[in-house]
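A.B. asks: Have a look at the structure that comes next, please.
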Amino acid sequence: MSYKKASYFALAFLVLLAAGCLWSASGLRDPRSRGSIGPSYFPIILSVLLIFLCGLSFVQTLRRPEDETLTIPNLRYVLAGIGAIAVFITLWTFLGVFYPLVFIFVAGLMLLFQPSAELRRLAVILVTSLVVTFLIYGLFDLVMGVRF
Amino acid sequence: MAVFDFDFRSLFEISSLTGILVGTLVGMLIGALPGLGATVAIVLLLPFTYSMDPLASILMLVAAYQAAEYGGSISSIILGIPGTPAAAATILDGNTLARKSSPGKALAYSLSASTVGGLVGGVMLLFLSLPLSAIALRLGDPEFFLIGVLGLIAVAGLSARDVTRSFISVVLGLMAGTIGIDVISSAQRFTFGQAELLDGLHLVAVLVGIFAIAEILSMISTDLYRTFVTDKRGLSTHITFREFWRTGKAISLGSMVGSIIGIIPGMGAGASSWFSYSLARNMSKDPKSFGTGNPEGIAAPEAANNATVGGALLPLITLGIPGSASTAIILGAFIIHGIQPGPSIFSTNSTLVYGIFYGFLLACFAMFAVGKLLTPFFAYVLKTPNYLLVPIILILALIGVYASNYMIFDLWIALGFGILFFLLNKLNFSAPAFILAFVLSPILEESLRRALLISDGTYMMFFTRTYSIGILLIIFAIVVLSLWTQMKRSVRK
């Protein structure tokens with residue numbers, strides 16, 4: 001996607017966000033507040049300011065003579081990383097077996113990200129993941145008393 | 001309590017010394033890794049502060065901040081890649097000297113200059129904080145609101161990227177800070193019925209998302225298979241006293257410039273190191289030798305970026321207003337322990353404040369000792385492939401978020417902010433501006449609303465009080481400077 005197009009999408013999203021906040025804030029009431037300085041005062045100012053700044057940025061982007069292509073190198077690895085975090089949090093919530101999940105998460109990502117599969121590298125990954133899991137157990141559970 | 005009345009026994013307790021040592025080790029390690037700077041080091045350590053006493057926890061973060069600035073020079077000198085943005089100026093002479101003769105020599109110049117710079121910044125913090133807080137005691141809500149605005153305008157307005165989008169980031173940060181129960185009216189704002197949002201977005205979750213997860217996603221995207229080759233040989237950090245003395249002028253210059261620039265919100269270690277480098281070159285007897293491995297070219301920026309740390313802590317402690325993302329996170333640590341920095345902190349928590357000041361000086365010596373002993377090890381760590389490093393940092397970041405608040409919900413918040421800022425960074429939005437605004441949002445809103453309630457809704461009080469007018473003039477000067485820089489940039493284009 002081009003930089004300009006991505007900018008328009010982002011700015012449109014932010015304007016919608018500001019409009020939502022403006023609508024939500026205008027419904028806030030505090031009977032004790034004097035005049036108009038209640039809980040909605042600051043959010044309303046910010047929402048209006050955000051819409052104004054997004055408009056300004058839109059015009060600046062429009063007037064930019066040059067455009068560039070925005071790329072995300074290694075996109076599938078980035079998505080895999082995000083997916084792995086989401087799966088880790090979900091499984092932790094529902095299964096609760098924290099330390100085995102930590103080992104699987106760390107080893108899984110290392111295996112996924114490794115440049116080429118070699119037996120020696122595989123051993124390094126498994127040993128490193130195991131050491132990291134035990135270090136986390138030692139530091140958080142034994143030293144800090146954090147229960148997962 | 002006066003400067004010299006401090007009971008030093010509290011500083012030499014095991015918890016404080018451990019905090020300094022851990023902060024120094026982690027800061028130096030993270031600072032040495034290209035792409036991860038002081039902010040990431042502080043963010044990764046912040047969750048641990050919950051279970052520590054206030055002095056030890058803040059000393060750990062301050063030591064990490066200090067050590068990361070030196071750590072950044074390790075990869076600058078050995079690899080020619082800055083570990084932190086502030087260490088970019090060090091490449092010019094540091095990497096050249098490392099290639100020409102010995103990397104250890106270049107690292108020794110960096111370490112000694114960083115230590116002296118840190119000490120100068122610390123001494124300035126020690127002696128200027130009390131007079132500054134005496135002035136701050138005369139300030140009221142209008143002035144605190146304006147100082148907050150000044151910090152935000154400075155950070156966004158002096159941004160090297162897109163100024164308008166930096167201001168959008170500021171507004172977004174302020175808006176994110178309004179989520180939760182309003183402290184004045186107790187009204188629920190933008191909580192969508194979620195009990196987890198009643199206290200607002202959790203600071204650690206937002207910080208880890210923006211600075212750790214977004215950075216890691218960016219590392220996966222661009223640096224996953226980047227390998228660095230380092231050699232353990234020639235890394236012994238030793239220079240003679242004569243060699244150190246020869247860089248004395250550059251170190252003094254860098255230390256003074258760094259300390260002063262550190263106080264100014266939005267400037268930071270990057271600006272101070274480049275400014276010191278060019279000043280040292282202009283004032284040198286042999287300016288042509290800069291860029292060819294001149295030790296003064298290493299000493300000036302390294303002294304400056306470490307002196308900046310002390311300078312940056314000055315407005316945080318005396319006014320309660322941070323001027324950068326790193327100091328905003330340290331403010332978070334104060335808030336975690338129920339302490340509000342500001343002019344009254346000298347009467348309410350004087351032992352803590354002086355503990356921080358003297359501990360800061362101790363952290364400089366710790367940085368020197370750890371740097372002397374472990375620089376070859378940190379240089380060797382640079383060889384660790386990113387495909388091993390990325391999952392380890394990710395899991396530590398996630399665990400840190402959970403350990404700080406024991407809520408799985410915060411992990412989703414961290415992931416959400418991580419993805420959002422991974423994308424927004426590509427469109428030149430500013431993460432430091434967002435985080436500074438997020439931390440300052442409650443202070444700004446409360447002081448604005450209190451000021452307006454006192455003045456019956458009129459803004460005239462901002463223009464009738466002497467200190468307010470002074471701060472408004474500084475804001476005006478920054479806006480003019482920002483517009484001038486923008487115009488210069490567009491003319492150059």
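Just so we're on the same page: first chain in the structure tokens is A, next is B, and so on; residues restart at 1 for each chain, and ligands are numbered from 1 in the order they show up.
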Restrict the distance test to only C-alpha atoms, flag each residue of chain A within 7 Å of chain B, and return the flagged residues as an mmCIF file with C-alpha atoms, in the first residue's frame.
C.D. replies:
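That gives us selection_23.cif:
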data_model
loop_
_atom_site.group_PDB
_atom_site.id
_atom_site.type_symbol
_atom_site.label_atom_id
_atom_site.label_comp_id
_atom_site.auth_asym_id
_atom_site.auth_seq_id
_atom_site.Cartn_x
_atom_site.Cartn_y
_atom_site.Cartn_z
ATOM 1 C CA SER A 7 -2.245 7.747 5.848
ATOM 2 C CA ASP A 30 -21.842 15.816 36.760
ATOM 3 C CA ILE A 37 -16.313 22.321 33.556
ATOM 4 C CA PRO A 39 -15.986 15.316 33.283
ATOM 5 C CA PHE A 42 -11.335 17.840 28.699
ATOM 6 C CA PRO A 43 -12.377 14.914 26.415
ATOM 7 C CA LEU A 46 -9.322 16.754 22.871
ATOM 8 C CA LEU A 50 -7.954 15.552 17.160
ATOM 9 C CA LEU A 53 -5.252 17.935 13.505
ATOM 10 C CA SER A 57 -2.548 16.165 8.359
ATOM 11 C CA ILE A 72 6.267 -4.782 5.909
ATOM 12 C CA PRO A 73 9.190 -7.143 5.282
ATOM 13 C CA ASN A 74 8.779 -10.645 6.769
ATOM 14 C CA LEU A 75 5.036 -9.998 7.033
ATOM 15 C CA TYR A 77 6.639 -13.820 10.519
ATOM 16 C CA VAL A 78 5.180 -10.614 11.976
ATOM 17 C CA VAL A 106 9.566 -19.721 23.254
ATOM 18 C CA LEU A 109 8.847 -19.017 17.931
ATOM 19 C CA MET A 110 12.558 -19.865 17.830
ATOM 20 C CA PHE A 113 12.150 -17.852 13.087
ATOM 21 C CA GLN A 114 15.299 -19.985 12.602
ATOM 22 C CA VAL A 146 4.508 -14.306 41.447
#
A.B. asks: Give me, please, the distance in Å between CA of Asn306 (chain B) and CA of Ala113 (chain B), quoted to one decimal.
C.D. replies: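 Computing the Euclidean distance for CA of Asn306 (chain B) and CA of Ala113 (chain B) yields 8.5 Å.
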A.B. asks: CA of Leu201 (chain B) and CA of Ala84 (chain A), how far apart in Å?
C.D. replies: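 Spanning CA of Ala84 (chain A) to CA of Leu201 (chain B) is a straight-line distance of 23.3 Å.
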A.B. asks: Quick one: DSSP helix (DSSP H, G or I) residues in chain A, as a PyMOL selection string?
C.D. replies: chain A and resi 3-26+41-63+75-95+98-113+119-143
A.B. asks: How many Å separate CA of Thr240 (chain B) from CA of Thr96 (chain B)?
C.D. replies: 19.9 Å
A.B. asks: Within 8 Å of region 203-206 of chain B, counting only C-alpha atoms, which residues show up once you throw out same-chain ones fewer than 3 positions away? Write them as a ChimeraX atom specification, please.
C.D. replies: /B:43,46-47,209-210,332,401,404,410-411,413-414,417,439
